[in-house]
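S.K.: Provided herewith: entry.cif, mmCIF, C-alpha atoms.
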```cif
data_upload
loop_
_atom_site.label_atom_id
_atom_site.label_comp_id
_atom_site.auth_asym_id
_atom_site.auth_seq_id
_atom_site.Cartn_x
_atom_site.Cartn_y
_atom_site.Cartn_z
CA MET A 197 61.92 95.39 88.75
CA ALA A 198 60.80 91.85 89.33
CA GLY A 199 57.27 91.41 90.54
CA ARG A 200 56.54 90.51 94.15
CA THR A 201 56.74 86.75 94.64
CA ALA A 202 57.58 84.21 97.32
CA ASP A 203 60.08 82.41 95.06
CA VAL A 204 63.23 83.83 96.63
CA ARG A 205 65.66 81.75 94.59
CA ALA A 206 64.03 82.87 91.35
CA LEU A 207 64.24 86.50 92.48
CA ALA A 208 67.90 86.09 93.36
CA GLN A 209 68.71 84.43 90.04
CA GLN A 210 66.93 87.21 88.15
CA ALA A 211 68.85 89.77 90.18
CA ARG A 212 72.11 87.97 89.38
CA GLU A 213 71.44 88.15 85.65
CA ALA A 214 70.29 91.76 85.89
CA SER A 215 73.40 92.76 87.85
CA PHE A 216 75.64 92.11 84.84
CA ALA A 217 73.60 94.38 82.56
CA LEU A 218 73.22 97.00 85.27
CA ALA A 219 76.97 97.12 85.85
CA ALA A 220 77.47 97.88 82.15
CA SER A 221 74.65 100.43 81.95
CA SER A 222 75.34 104.09 81.30
CA ALA A 223 75.28 106.76 83.98
CA GLN A 224 72.58 108.53 81.98
CA ALA A 225 70.33 105.45 82.01
CA ARG A 226 70.62 104.97 85.75
CA SER A 227 70.16 108.66 86.54
CA GLY A 228 67.16 108.79 84.23
CA ALA A 229 65.60 105.87 86.07
CA LEU A 230 66.12 107.65 89.41
CA LEU A 231 64.37 110.76 88.12
CA ALA A 232 61.53 108.64 86.74
CA ALA A 233 61.18 106.93 90.13
CA ALA A 234 60.77 110.29 91.89
CA LYS A 235 58.04 111.31 89.46
CA GLU A 236 56.22 107.99 89.82
CA LEU A 237 56.25 108.18 93.60
CA GLU A 238 54.76 111.68 93.49
CA ALA A 239 52.11 110.55 91.01
CA ARG A 240 51.08 107.68 93.31
CA ARG A 241 51.16 109.69 96.53
CA GLU A 242 47.52 109.03 97.50
CA ALA A 243 47.81 105.26 97.05
CA ILE A 244 51.06 105.24 99.02
CA PHE A 245 49.58 107.29 101.88
CA ALA A 246 46.53 105.01 101.98
CA ALA A 247 48.75 101.94 102.23
CA ASN A 248 50.75 103.59 105.01
CA ALA A 249 47.53 104.39 106.88
CA LEU A 250 46.72 100.67 106.94
CA ASP A 251 50.12 99.90 108.44
CA LEU A 252 49.78 102.65 111.04
CA GLU A 253 46.32 101.45 112.05
CA ALA A 254 47.53 97.89 112.51
CA ALA A 255 50.61 99.08 114.41
CA ARG A 256 48.51 101.11 116.85
CA GLU A 257 46.29 98.08 117.48
CA GLU A 258 49.41 96.04 118.24
CA GLY A 259 50.61 98.70 120.68
CA LEU A 260 53.76 99.83 118.89
CA SER A 261 55.72 102.49 120.74
CA ALA A 262 55.59 106.15 119.78
CA PRO A 263 59.15 106.11 118.32
CA ALA A 264 58.30 103.04 116.23
CA LEU A 265 55.13 104.68 114.94
CA LYS A 266 57.09 107.79 114.01
CA ARG A 267 59.53 105.74 111.95
CA LEU A 268 56.66 103.85 110.31
CA ARG A 269 54.80 106.97 109.19
CA PHE A 270 55.22 107.92 105.51
CA ASP A 271 53.67 111.33 104.90
CA GLU A 272 54.16 114.33 102.64
CA GLY A 273 57.37 115.22 104.43
CA LYS A 274 58.83 111.73 103.99
CA LEU A 275 57.74 111.65 100.35
CA ALA A 276 59.43 114.97 99.70
CA ASP A 277 62.58 113.72 101.43
CA VAL A 278 62.90 110.51 99.42
CA CYS A 279 62.16 112.24 96.11
CA ARG A 280 64.74 114.90 96.90
CA GLY A 281 67.18 112.11 97.71
CA LEU A 282 66.52 110.33 94.40
CA ARG A 283 67.07 113.55 92.46
CA ALA A 284 70.26 114.26 94.41
CA LEU A 285 71.53 110.77 93.54
CA ALA A 286 70.71 111.33 89.87
CA ALA A 287 72.80 114.51 89.88
CA MET A 288 75.84 112.90 91.52
CA GLU A 289 78.93 111.84 89.61
CA ASP A 290 78.83 108.25 88.38
CA PRO A 291 80.59 106.02 90.94
CA ILE A 292 81.22 103.24 88.39
CA GLY A 293 84.33 103.15 86.25
CA ARG A 294 86.40 105.61 88.24
CA VAL A 295 90.11 105.08 87.72
CA GLN A 296 91.72 104.49 91.12
CA LEU A 297 95.17 103.37 89.97
CA ARG A 298 97.03 103.14 86.67
CA THR A 299 100.47 101.57 86.46
CA GLU A 300 102.79 100.65 83.62
CA LEU A 301 103.99 97.18 84.60
CA ALA A 302 106.34 97.04 81.63
CA ASP A 303 106.67 98.72 78.27
CA GLY A 304 103.25 98.37 76.59
CA LEU A 305 101.66 96.52 79.55
CA VAL A 306 99.30 98.77 81.58
CA LEU A 307 97.34 97.86 84.71
CA THR A 308 94.28 99.91 85.68
CA ARG A 309 92.09 99.58 88.76
CA VAL A 310 88.52 100.84 88.29
CA SER A 311 85.48 100.99 90.56
CA CYS A 312 82.63 98.57 89.87
CA PRO A 313 79.41 97.44 91.56
CA ILE A 314 79.47 94.72 94.22
CA GLY A 315 76.82 92.77 92.30
CA VAL A 316 73.72 91.57 94.16
CA VAL A 317 73.03 93.05 97.58
CA GLY A 318 70.45 91.73 100.02
CA VAL A 319 69.23 94.35 102.52
CA ILE A 320 67.11 93.53 105.56
CA PHE A 321 65.88 96.76 107.11
CA GLU A 322 63.61 98.02 109.86
CA SER A 323 60.01 99.19 109.61
CA ARG A 324 60.82 102.47 107.91
CA PRO A 325 59.18 102.70 104.47
CA ASP A 326 61.44 105.56 103.35
CA ALA A 327 64.41 103.23 103.81
CA LEU A 328 63.14 101.07 100.92
CA VAL A 329 63.31 103.99 98.50
CA GLN A 330 66.69 105.18 99.77
CA ILE A 331 68.24 101.71 99.54
CA ALA A 332 66.82 100.97 96.10
CA GLY A 333 68.03 104.36 94.85
CA LEU A 334 71.55 103.89 96.18
CA CYS A 335 71.80 100.42 94.67
CA LEU A 336 70.56 101.68 91.31
CA LYS A 337 73.01 104.59 91.25
CA SER A 338 75.90 102.26 92.09
CA GLY A 339 74.82 99.65 89.53
CA ASN A 340 73.87 96.92 92.01
CA ALA A 341 70.90 94.60 91.87
CA VAL A 342 69.10 94.41 95.21
CA LEU A 343 66.77 92.18 97.21
CA LEU A 344 64.76 94.16 99.77
CA LYS A 345 63.20 92.86 102.98
CA GLY A 346 61.49 95.41 105.20
CA GLY A 347 59.75 94.99 108.54
CA ARG A 348 56.34 93.33 108.54
CA GLU A 349 54.79 96.41 110.16
CA ALA A 350 55.40 98.31 106.91
CA ALA A 351 54.18 95.59 104.54
CA HIS A 352 51.47 97.64 102.80
CA SER A 353 53.68 100.74 102.54
CA ASN A 354 56.62 98.78 101.16
CA ALA A 355 54.43 97.08 98.57
CA ALA A 356 53.02 100.40 97.36
CA LEU A 357 56.45 102.01 97.17
CA PHE A 358 57.93 98.98 95.43
CA ASP A 359 55.15 98.98 92.82
CA ALA A 360 55.85 102.64 92.04
CA LEU A 361 59.57 101.97 91.64
CA ALA A 362 58.83 98.89 89.53
CA ALA A 363 56.71 100.89 87.10
CA ALA A 364 59.37 103.60 86.84
CA GLY A 365 62.13 101.04 86.27
CA GLU A 366 60.21 99.27 83.54
CA ALA A 367 59.46 102.55 81.77
CA ALA A 368 63.13 103.57 82.01
CA GLY A 369 64.31 100.30 80.47
CA LEU A 370 66.15 98.87 83.46
CA PRO A 371 67.10 95.17 83.21
CA ARG A 372 64.30 92.92 84.39
CA GLY A 373 64.73 91.69 87.93
CA TRP A 374 67.27 94.30 89.06
CA ALA A 375 65.33 94.49 92.34
CA GLY A 376 62.99 92.20 94.21
CA LEU A 377 60.83 92.52 97.31
CA LEU A 378 60.79 89.80 99.97
CA THR A 379 57.76 89.71 102.25
CA THR A 380 58.06 87.03 104.94
CA ARG A 381 60.41 85.90 107.70
CA GLU A 382 60.82 82.62 105.82
CA ASP A 383 62.05 84.57 102.79
CA VAL A 384 64.99 85.83 104.86
CA GLY A 385 66.04 82.29 105.75
CA GLU A 386 65.96 81.30 102.08
CA MET A 387 67.93 84.37 101.05
CA LEU A 388 70.71 83.63 103.54
CA ALA A 389 71.34 80.29 101.83
CA LEU A 390 71.87 81.80 98.35
CA ASP A 391 75.61 82.40 98.52
CA ARG A 392 76.01 81.72 94.77
CA GLU A 393 73.53 84.42 93.79
CA ILE A 394 74.03 87.11 96.46
CA ASP A 395 77.33 88.93 97.07
CA LEU A 396 76.59 90.88 100.24
CA ILE A 397 73.98 90.99 103.01
CA ILE A 398 73.33 94.24 104.88
CA PRO A 399 71.15 93.78 107.97
CA ARG A 400 69.88 96.85 109.83
CA GLY A 401 68.73 96.18 113.38
CA SER A 402 69.89 95.16 116.82
CA ASN A 403 73.28 93.63 117.58
CA ALA A 404 71.54 90.32 118.29
CA PHE A 405 69.79 90.42 114.91
CA VAL A 406 72.99 91.22 113.03
CA ARG A 407 74.80 88.41 114.87
CA TYR A 408 72.00 85.99 113.95
CA ILE A 409 72.38 86.88 110.26
CA MET A 410 76.16 86.41 110.45
CA ASP A 411 75.77 83.03 112.13
CA HIS A 412 73.29 81.71 109.57
CA SER A 413 74.85 82.60 106.22
CA ARG A 414 78.02 82.05 104.24
CA ILE A 415 77.37 85.32 102.40
CA PRO A 416 79.55 88.22 103.60
CA VAL A 417 77.60 90.38 106.05
CA LEU A 418 78.08 94.10 106.62
CA GLY A 419 76.47 94.83 109.99
CA HIS A 420 74.47 97.97 110.70
CA SER A 421 73.40 97.67 114.33
CA ASP A 422 72.58 99.73 117.43
CA GLY A 423 73.35 103.40 117.81
CA VAL A 424 74.53 103.85 121.40
CA CYS A 425 76.00 107.32 120.81
CA HIS A 426 77.74 109.58 123.35
CA LEU A 427 78.56 113.22 123.91
CA TYR A 428 81.27 114.14 126.41
CA LEU A 429 81.37 117.58 128.06
CA ASP A 430 85.01 118.34 128.77
CA ARG A 431 86.10 120.69 131.53
CA GLY A 432 85.94 124.33 130.54
CA CYS A 433 83.47 123.68 127.73
CA ASP A 434 81.17 126.40 126.40
CA THR A 435 77.98 125.73 128.40
CA ALA A 436 75.64 127.45 125.94
CA MET A 437 77.13 125.46 123.08
CA ALA A 438 76.92 122.26 125.12
CA ALA A 439 73.23 122.76 125.88
CA ARG A 440 72.38 123.54 122.25
CA VAL A 441 74.30 120.57 120.86
CA VAL A 442 73.11 118.03 123.45
CA VAL A 443 69.45 119.00 123.06
CA ASP A 444 69.71 118.75 119.27
CA ALA A 445 71.51 115.39 119.46
CA LYS A 446 68.85 114.00 121.80
CA THR A 447 65.60 115.55 120.63
CA GLN A 448 65.89 116.61 116.97
CA TYR A 449 64.84 113.04 116.03
CA PRO A 450 65.22 110.72 119.04
CA ALA A 451 64.14 107.61 117.10
CA ALA A 452 67.24 107.79 114.87
CA CYS A 453 70.28 105.59 115.41
CA ASN A 454 72.52 108.69 115.56
CA ALA A 455 70.65 110.32 118.44
CA VAL A 456 72.75 110.64 121.59
CA GLU A 457 71.88 108.13 124.33
CA THR A 458 74.55 108.77 126.99
CA LEU A 459 75.97 112.07 128.22
CA LEU A 460 79.38 112.01 129.90
CA VAL A 461 80.45 115.03 131.95
CA HIS A 462 83.84 115.89 133.45
CA ARG A 463 83.61 116.14 137.25
CA ASP A 464 84.69 119.79 137.13
CA GLU A 465 81.51 120.54 135.14
CA ALA A 466 79.05 118.73 137.44
CA GLY A 467 78.18 122.04 139.10
CA ARG A 468 78.29 124.21 135.95
CA ALA A 469 77.79 122.78 132.45
CA LEU A 470 75.76 119.81 133.69
CA MET A 471 73.31 122.14 135.44
CA VAL A 472 72.81 124.22 132.29
CA VAL A 473 72.49 121.19 130.03
CA GLY A 474 70.23 119.38 132.50
CA LYS A 475 67.88 122.36 132.61
CA ALA A 476 67.77 122.50 128.81
CA LEU A 477 67.05 118.76 128.58
CA ALA A 478 64.28 119.00 131.16
CA GLU A 479 62.67 121.87 129.25
CA ALA A 480 62.83 119.72 126.11
CA GLY A 481 60.92 116.95 127.89
CA VAL A 482 63.83 114.55 128.27
CA ARG A 483 63.83 112.02 131.11
CA MET A 484 67.28 111.85 132.71
CA LEU A 485 68.88 108.83 134.41
CA GLY A 486 72.14 109.47 136.22
CA ASP A 487 74.93 107.93 138.24
CA GLU A 488 75.35 109.05 141.86
CA ARG A 489 77.14 112.30 141.02
CA ALA A 490 74.66 113.20 138.28
CA GLN A 491 71.77 112.46 140.65
CA ALA A 492 73.31 114.72 143.28
CA ALA A 493 73.63 117.56 140.77
CA LEU A 494 70.29 117.19 139.00
CA GLY A 495 68.04 115.26 141.35
CA CYS A 496 67.29 112.86 138.49
CA GLU A 497 66.44 109.16 138.56
CA ALA A 498 69.14 106.55 139.09
CA ALA A 499 70.80 104.90 136.10
CA THR A 500 71.61 101.19 136.17
CA GLN A 501 74.53 99.35 134.60
CA GLU A 502 72.21 98.34 131.77
CA ASP A 503 71.55 101.98 130.87
CA TRP A 504 75.14 102.48 129.65
CA GLU A 505 74.44 99.99 126.84
CA THR A 506 70.86 101.01 126.04
CA GLU A 507 69.63 102.59 122.83
CA TYR A 508 66.49 104.39 124.04
CA LEU A 509 65.27 105.83 120.73
CA ASP A 510 63.11 108.12 122.86
CA HIS A 511 63.26 111.23 125.06
CA VAL A 512 65.48 109.47 127.60
CA ILE A 513 69.20 109.97 128.29
CA SER A 514 71.67 108.41 130.73
CA ILE A 515 74.24 110.67 132.39
CA ARG A 516 77.55 109.77 133.98
CA VAL A 517 80.11 112.04 135.63
CA VAL A 518 83.71 110.99 134.90
CA ASP A 519 87.02 112.03 136.43
CA SER A 520 88.96 112.59 133.20
CA LEU A 521 89.03 112.67 129.43
CA GLU A 522 90.68 109.25 129.50
CA GLU A 523 87.82 107.81 131.57
CA ALA A 524 85.28 109.22 129.11
CA ILE A 525 87.10 107.63 126.17
CA ALA A 526 87.35 104.28 127.98
CA HIS A 527 83.61 104.37 128.74
CA ILE A 528 82.74 105.07 125.09
CA ASN A 529 85.00 102.35 123.73
CA ARG A 530 83.58 99.84 126.23
CA TYR A 531 79.87 100.59 126.17
CA GLY A 532 79.31 102.30 122.83
CA SER A 533 78.30 100.66 119.57
CA HIS A 534 81.12 102.37 117.60
CA HIS A 535 78.55 104.45 115.73
CA THR A 536 79.02 108.18 116.45
CA ASP A 537 80.46 109.91 119.51
CA GLY A 538 81.45 113.50 120.20
CA ILE A 539 83.27 115.86 122.54
CA ILE A 540 82.31 119.41 123.49
CA THR A 541 85.52 121.24 124.40
CA GLU A 542 87.49 124.43 123.89
CA ASP A 543 90.75 122.53 124.49
CA ALA A 544 92.32 121.70 121.11
CA GLU A 545 94.64 119.08 122.59
CA ALA A 546 91.75 117.32 124.34
CA ALA A 547 89.82 117.32 121.07
CA ARG A 548 92.77 115.80 119.19
CA THR A 549 93.14 113.08 121.82
CA PHE A 550 89.43 112.27 121.71
CA LEU A 551 89.29 112.18 117.91
CA ALA A 552 92.32 109.88 117.78
CA LEU A 553 91.39 107.42 120.54
CA VAL A 554 87.63 106.95 120.26
CA ASP A 555 87.08 103.86 118.11
CA SER A 556 83.89 104.79 116.28
CA ALA A 557 82.80 105.24 112.68
CA GLY A 558 82.14 108.93 113.39
CA VAL A 559 84.01 110.99 116.00
CA TYR A 560 82.93 114.63 116.32
CA HIS A 561 84.15 117.84 117.95
CA ASN A 562 81.66 120.53 119.01
CA CYS A 563 78.71 119.33 116.92
CA SER A 564 75.64 117.13 117.13
CA THR A 565 75.78 113.38 116.54
CA ARG A 566 72.75 113.82 114.26
CA PHE A 567 75.09 114.81 111.43
CA ALA A 568 75.96 111.10 110.98
CA ASP A 569 73.83 110.65 107.90
CA GLY A 570 74.50 109.88 104.25
CA TYR A 571 72.44 112.80 102.96
CA ARG A 572 74.11 115.26 105.34
CA TYR A 573 77.53 113.91 104.36
CA GLY A 574 76.70 114.61 100.72
CA PHE A 575 76.35 110.93 99.78
CA GLY A 576 72.79 111.37 98.47
CA ALA A 577 71.43 108.94 101.08
CA GLU A 578 72.64 105.86 102.91
CA VAL A 579 71.94 102.16 102.87
CA GLY A 580 72.86 102.17 106.56
CA ILE A 581 75.56 103.09 109.05
CA ALA A 582 78.39 100.56 109.11
CA THR A 583 79.82 100.25 112.62
CA GLY A 584 82.47 97.68 111.65
CA LYS A 585 85.69 98.39 109.78
CA LEU A 586 85.42 96.28 106.58
CA HIS A 587 84.88 97.25 103.85
CA ALA A 588 82.85 100.40 104.46
CA ARG A 589 82.47 102.44 107.64
CA GLY A 590 79.98 105.10 108.75
CA PRO A 591 77.13 106.27 106.48
CA MET A 592 77.26 103.87 103.56
CA GLY A 593 76.42 105.66 100.32
CA VAL A 594 77.15 104.80 96.71
CA GLU A 595 80.91 104.47 97.25
CA GLY A 596 80.33 101.92 100.00
CA LEU A 597 78.31 99.87 97.51
CA CYS A 598 81.21 99.72 95.06
CA SER A 599 84.16 97.38 94.80
CA TYR A 600 86.89 97.48 92.17
CA LYS A 601 88.53 95.31 89.54
CA TYR A 602 91.86 95.29 87.73
CA LEU A 603 92.08 95.73 83.97
CA LEU A 604 95.32 94.66 82.27
CA GLU A 605 95.96 95.66 78.66
CA GLY A 606 98.90 94.27 76.75
CA HIS A 607 100.21 93.22 73.35
CA GLY A 608 100.77 89.49 73.54
CA ASP A 609 102.78 89.76 76.77
CA ILE A 610 103.75 86.53 78.57
CA VAL A 611 105.21 85.90 82.04
CA GLU A 612 107.94 83.63 80.62
CA ASP A 613 109.71 86.66 79.16
CA PHE A 614 110.02 88.17 82.63
CA ALA A 615 110.90 84.88 84.33
CA LYS A 616 113.83 84.43 81.93
CA GLU A 617 114.76 88.12 82.19
CA ARG A 618 114.16 88.85 78.53
CA ARG A 619 112.02 91.74 79.75
CA ALA A 620 112.00 93.78 82.98
CA PHE A 621 109.16 95.27 85.02
CA THR A 622 109.07 99.08 85.17
CA HIS A 623 106.21 99.50 87.68
CA ARG A 624 105.82 103.12 86.67
CA ARG A 625 102.86 104.85 88.30
CA LEU A 626 100.74 106.65 85.71
CA VAL A 627 97.84 107.73 87.94
#
```
Spell out the structure here as structure tokens.

M.R.:
Amino acid sequence: MAGRTADVRALAQQAREASFALAASSAQARSGALLAAAKELEARREAIFAANALDLEAAREEGLSAPALKRLRFDEGKLADVCRGLRALAAMEDPIGRVQLRTELADGLVLTRVSCPIGVVGVIFESRPDALVQIAGLCLKSGNAVLLKGGREAAHSNAALFDALAAAGEAAGLPRGWAGLLTTREDVGEMLALDREIDLIIPRGSNAFVRYIMDHSRIPVLGHSDGVCHLYLDRGCDTAMAARVVVDAKTQYPAACNAVETLLVHRDEAGRALMVVGKALAEAGVRMLGDERAQAALGCEAATQEDWETEYLDHVISIRVVDSLEEAIAHINRYGSHHTDGIITEDAEAARTFLALVDSAGVYHNCSTRFADGYRYGFGAEVGIATGKLHARGPMGVEGLCSYKYLLEGHGDIVEDFAKERRAFTHRRLV
């Protein structure tokens, strides 16, 4: 890895050069580097925890919220998680060089499409130190060079983690400069101007932040923004299942982008399922904000129009009673962030309608929204959740960090022979 420096253009140019060698590296070399990174992180645990303690102390003095502090913390549990993720990535099949298509264009002329890295990826992510390791690991596995910019609140933690990964990369023989760490807000502005060196920008943050990045760069941007997720309780749903799923989706880790923020309930369930679920949420310490019908049923606080678009990232949930499945779907498509939304129902036809018409990256039936995660999907980890439709969608793992290229192998073939009908195309599919 390149050392930490304020010279963003130099980092990007190094990453560009490294990306070519990394794309041609063997699966064994990249997997070996991932395993070495896990060992190095474990060996430096005390230094990493000390750096994180400095960040946490400064964050408390600045009055950061409890959810933000939880995301900032990097402890034994987080260390175990990221090391497990690196080892899982190392064990995965190589995503580079996979044959996606093979066609005989004409006798002796064969076209093959194979997966390849995107090149150089710039990732701007929130104040979550574990995200740095996950992103770097995913980029390494997929053969991409990467420029990393984390939140300023995690500056000491990110530096300590980066140094550990740098040492492991050097020992494993990775190309110099395959990754670089940016440290200031000004660095981001410089990075956005480097459209010759950087192939893709992935910002993780609010909708406004993602829009700002899109408006200030000619580099393609893959937005990972808010997680305004919904669960809809359909009429006749299993109330015990509904309570279990809703409480998990809200409280298992409320600071995550895949935690549920709005609960929609069919009017026929306002006096049954909503009462059971409301009691379970109250026992779990969740503050409830409801429309008029939800207030009448639960005696909760009033929700405002703004609540339908709010990502709380805390033990707070907004509740709306709707008249139909169609109204629930319309609400989700209007107010949601197209992240992850689910239905709790025993009606197979209602489930099919919901799954087909909700326009989100993840649409679930009878399960928690918290499953929207690269590790849980079997991707090893994720660089983020893509809520758009191009080119990746949902948890973005190694496959989302790959593109493809066409390889054409011939024997002195020329187009003139086909133009003058001396030869004919066969277009025979081989794979």

S.K.: Please determine an axis-aligned box that encloses all atoms of segment 242-254 of chain A listed in the file, with 4 Å added on each side, and express its centre and edge lengths in Å to one decimal as JSON.

M.R.:
```
{"center_x": 48.7, "center_y": 103.5, "center_z": 104.8, "size_x": 12.7, "size_y": 19.1, "size_z": 23.5}
```

S.K.: Using the chain letters and numbering of this document, enumerate as an MDAnalysis selection string the residues selected by the PyMOL selection byres ((chain A and resi 237-244) around 8).

M.R.: chainID A and resid 233:236 245:248 275 279 353 356:357 360:361

S.K.: So which residues touch segment 602-607 of chain A within 6 Å, counting all atoms listed in the file, skipping near sequence neighbours fewer than 2 positions away, as a CSV table (one decimal) with C-alpha atoms, in the coordinates of the input?

M.R.:
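So the final result, stored in part.csv, reads:
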```csv
chain,number,residue,atom,x,y,z
A,304,GLY,CA,103.2,98.4,76.6
A,305,LEU,CA,101.7,96.5,79.6
A,306,VAL,CA,99.3,98.8,81.6
A,307,LEU,CA,97.3,97.9,84.7
A,308,THR,CA,94.3,99.9,85.7
A,309,ARG,CA,92.1,99.6,88.8
A,609,ASP,CA,102.8,89.8,76.8
```

S.K.: May I ask for the distance between atom CA of Pro450 of chain A and atom CA of Leu285 of chain A, given in Å to one decimal place?

M.R.: 26.3 Å

S.K.: At most 6 Å from (68.7, 93.8, 106.8), file frame, only C-alpha atoms: which residues, as a list in words?

M.R.: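 Every polymer residue passing the test: Val319, Ile320, Phe321, Ile398, Pro399 and Arg400 of chain A.
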
S.K.: Pick from A:Ala302, A:Leu260, A:Ala217, A:Leu282: nearest to Ile610 of chain A, with all atoms listed in the file counted?

M.R.: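 Going through A:Ala302, A:Leu260, A:Ala217, A:Leu282 one by one, the smallest distance to Ile610 of chain A is for A:Ala302.
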
S.K.: What gap, in Å, lies between atom CA of Glu488 of chain A and atom CA of Met471 of chain A?

M.R.: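 Straight-line distance from atom CA of Glu488 of chain A to atom CA of Met471 of chain A works out to 14.7 Å.
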
S.K.: Write out as an NGL selection string each polymer residue whose atoms come within 8 Å of segment 559-574 of chain A, counting all atoms listed in the file; drop sequence neighbours fewer than 4 positions from it.

M.R.: :A and (281 or 425 or 427 or 437-438 or 441-442 or 444-445 or 448 or 454-456 or 536-541 or 547 or 550-551 or 554 or 578 or 581 or 590-593)

S.K.: Write out as an MDAnalysis selection string each polymer residue whose atoms come within 8 Å of segment 221-223 of chain A, counting only C-alpha atoms; drop sequence neighbours fewer than 6 positions from it.

M.R.: chainID A and resid 290 337 339

S.K.: So what do you get for atom CA of Ala255 of chain A versus atom CA of Leu268 of chain A, distance-wise?

M.R.: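 Answer for the atom CA of Ala255 of chain A to atom CA of Leu268 of chain A separation: 8.7 Å.
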